[in-house]
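Trainee: Structure provided below as structure tokens; questions to follow.
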Amino acid sequence: MNRNDGIRDDRALRGRDRPTVGNGPDAARRVRFSGGNDFQAALQRRVDEFLGHTGIRTRDCPQMYVKTGVILLSFAVLYALLVFVASAWYTALPLAVMLGLVTAEIGFNIMHDGGHGAYSARPWINRLMVMSLDMIGASSYLWRWKHGIFHHTYPNVTGQDPDIELGVLGRLAPQQPRRMHHRWQQWYIWPLYGVLGLKWHAFDDFHDVLIGHIAGRRFPRPRGRDLAVFVGGKILFFGLVFGLPLLLHPLWVVAVLYGVWVFVLGMALSVVFQLAHCVEEAEFPLPNAETLRLERPWAVHQVETAVDFLRTSRVACWLLGGLNFQIEHHLFPRICHVHYPALAKLVEDTSREFGVRYHVHRSIWAALASHFRWLRAMGAPA
């Protein structure tokens with residue numbers, strides 16, 4: 001296995017991909033992890049030995065190509081039925097719901113593996129796969145910075161991880177400010193997860209590109225080919241969602257069905273992320289204010305800030321693109337997700353051996369309950 005397919009530590013970030021702190025005089029200072037990588041070295045060695053012994057291909061996996069074909073064909077069929085065939089609400093509504101779920105499948109599986117370089121050993125194939133995100137309304141360029149760099153380097157670190165920032169809508173980390181209305185967030189936040197999909201499409205990408213910040217984190221605005229993909233993706237998306245349907249259907253019908261589709265999409269994407277990071281068992285560490293150093297080494301931090309769920313369900317593993325194996329994904333983002341079930345026991349055993357806190361929820365209900373309790377705890381008065 002290529003060393004870049006495995007565990008990535010904080011030294012792997014160089015040049016323009018280096019996260020920095022804030023936007024003021026400390027912006028050139030970088031949050032670092034503590035030393036001591038015995039756990040990381042042992043885990044890397046054992047995974048290398050396992051992959052070498054089994055002969056598993058870490059990328060360009062036939063089952064991933066088959067899955068891609070199934071998902072994209074399902075998307076095309078559902079879209080065609082909704083736009084060209086459905087003529088009554090009782091057929092259009094379930095089609096819009098199913099299209100939202102299949103669109104989430106594109107994000108969970110095809111785009112996600114492509115964005116992490118886990119889909120193929122050929123860079124152009126990875127780029128093609130990650131651009132499926134532009135087709136469904138978001139920006140693959142911004143996702144690379146927001147999720148691939150900022151979140152994956154510093155998961156659950158307030159001020160560093162944009163994925164745990166909901167602004168005034170919710171409080172997901174103990175270091176974030178609490179507002180009075182957060183007291184009820186465990187109840188009102190669920191429908192907002194769906195609305196966040198609309199905010200994503202209509203506002204976030206355009207706003208972030210214009211100001212050059214993602215949740216307070218600076219990033220270089222897209223140029224050249226990246227800018228062309230950004231603009232072209234928006235044109236394609238709005239053409240598919242509004243342009244073509246409006247030739248055949250009234251505006252209010254298109255708007256309602258888009259609302260259903262984007263709500264289902266936003267709910268699916270948001271909840272899966274929250275169950276992996278924003279639960280009672282996950283850690284939310286902060287770096288030392290003076291040294292900007294986190295207490296744990298990089299690999300330990302990745303394990304203790306994520307939680308697996310539904311590991312034994314083959315259906316969940318197929319549908320969620322390995323995101324229910326969040327710990328394994330954060331440790332090995334460049335290995336195709338179809339292999340995470342085989343790696344999970346090895347990672348768990350090594351974590352236990354080294355005293356690293358490894359958590360897994362056995363059922364979806366346990367994960368949802370833990371997220372509910374975390375929301376309640378974060379919204380409660382001190």
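Identifiers for the structure tokens are assigned positionally: chains receive A, B, ... in sequence, residues are indexed from 1 per chain, and ligands are indexed from 1 in the order shown.
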Output as JSON, numbers by chain all residues of segment 51-253 of chain A that backbone DSSP marks as strand (DSSP E or B).

Mentor: {"A": [213, 214, 217, 218]}

Trainee: Could you find all residues in segment 149-294 of chain A that DSSP calls alpha helix (DSSP H) from the backbone, and write them as a ChimeraX atom specification?

Mentor: /A:152-153,185-199,205-211,224-238,244-246,251-277

Trainee: Taking 5 positions as the minimum chain separation for residues in the same chain, which residues sit within 8 Å of Gly114 of chain A when counting only C-alpha atoms? Answer as a short mmCIF file (atom, residue, chain, number, x, y, z; two decimals) with N, CA and C atoms, in the first residue's frame.

Mentor:
data_model
loop_
_atom_site.label_atom_id
_atom_site.label_comp_id
_atom_site.auth_asym_id
_atom_site.auth_seq_id
_atom_site.Cartn_x
_atom_site.Cartn_y
_atom_site.Cartn_z
N TYR A 119 -11.25 6.99 -4.82
CA TYR A 119 -12.01 6.30 -5.86
C TYR A 119 -11.08 5.56 -6.82
N SER A 120 -10.04 6.26 -7.27
CA SER A 120 -9.16 5.69 -8.29
C SER A 120 -7.73 6.15 -8.07
N ILE A 125 -9.83 10.59 -12.90
CA ILE A 125 -11.07 9.91 -12.54
C ILE A 125 -11.60 10.46 -11.21
N ASN A 126 -10.71 10.66 -10.25
CA ASN A 126 -11.13 11.27 -8.99
C ASN A 126 -11.74 12.65 -9.20
N ARG A 127 -11.12 13.45 -10.07
CA ARG A 127 -11.67 14.79 -10.35
C ARG A 127 -13.06 14.69 -10.98
N LEU A 128 -13.21 13.74 -11.88
CA LEU A 128 -14.51 13.56 -12.53
C LEU A 128 -15.58 13.16 -11.52
N MET A 129 -15.22 12.25 -10.62
CA MET A 129 -16.19 11.78 -9.62
C MET A 129 -16.57 12.89 -8.65
N VAL A 130 -15.59 13.68 -8.21
CA VAL A 130 -15.91 14.73 -7.24
C VAL A 130 -16.74 15.83 -7.89
#

Trainee: Interatomic distance between atom CA of Phe237 of chain A and atom CA of Met135 of chain A?

Mentor: 5.3 Å

Trainee: When you count only C-alpha atoms, which of these residues is closest to Leu166 of chain A: A:Gln274, A:Tyr90, A:Gln63, A:Arg221?

Mentor: A:Gln274

Trainee: With a distance cut-off of 6 Å and only C-alpha atoms, select the neighbouring residues of segment 319-323 of chain A, excluding the residue or stretch itself and same-chain residues fewer than 4 positions from it, and output the selection as a list in words.

Mentor: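 Within the cut-off, the hits are Phe108, Asn109 and His337 of chain A.
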
Trainee: Neighbours of Ile214 of chain A within 10 Å (only C-alpha atoms; same-chain residues fewer than 4 positions away dropped), as a list in words?

Mentor: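 Counting only C-alpha atoms, the residues come to Leu142, Trp145, Lys146, Phe150, Asp161, Pro162, Asp163, Asp204, Asp205, His207, Asp208, Val209, Arg218 and Phe219 of chain A.
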
Trainee: With a distance cut-off of 12 Å and only C-alpha atoms, select the neighbouring residues of Trp318 of chain A, excluding the residue or stretch itself and same-chain residues fewer than 3 positions from it, and output the selection as a PyMOL selection string.

Mentor: chain A and resi 63-64+66-68+70-71+105-106+108-110+310-315+321-325+337-341

Trainee: One decimal, Å: what's the distance from atom CA of Leu343 of chain A over to atom CA of Phe50 of chain A, could you say?

Mentor: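 So the two atoms, atom CA of Leu343 of chain A and atom CA of Phe50 of chain A, lie 8.6 Å apart.
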
Trainee: By how many Å are atom CA of Ala316 of chain A and atom CA of Ala104 of chain A apart?

Mentor: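 Interatomic distance here is 13.2 Å.
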
Trainee: Quick one: residues within 10 Å of Asp226 of chain A, only C-alpha atoms, excluding same-chain residues fewer than 4 positions away - as a PyMOL selection string?

Mentor: chain A and resi 139-142+221-222+230-232

Trainee: Between A:Ala255, A:Ala173, A:Val77, A:Met267, which has the minimum distance to Leu101 of chain A (counting only C-alpha atoms)?

Mentor: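 Smallest separation from Leu101 of chain A among the options: A:Met267.
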
Trainee: Of the residues A:Val97, A:Val83, A:Met378, A:Ala121, which is the one nearest to Pro245 of chain A, using only C-alpha atoms?

Mentor: A:Val83
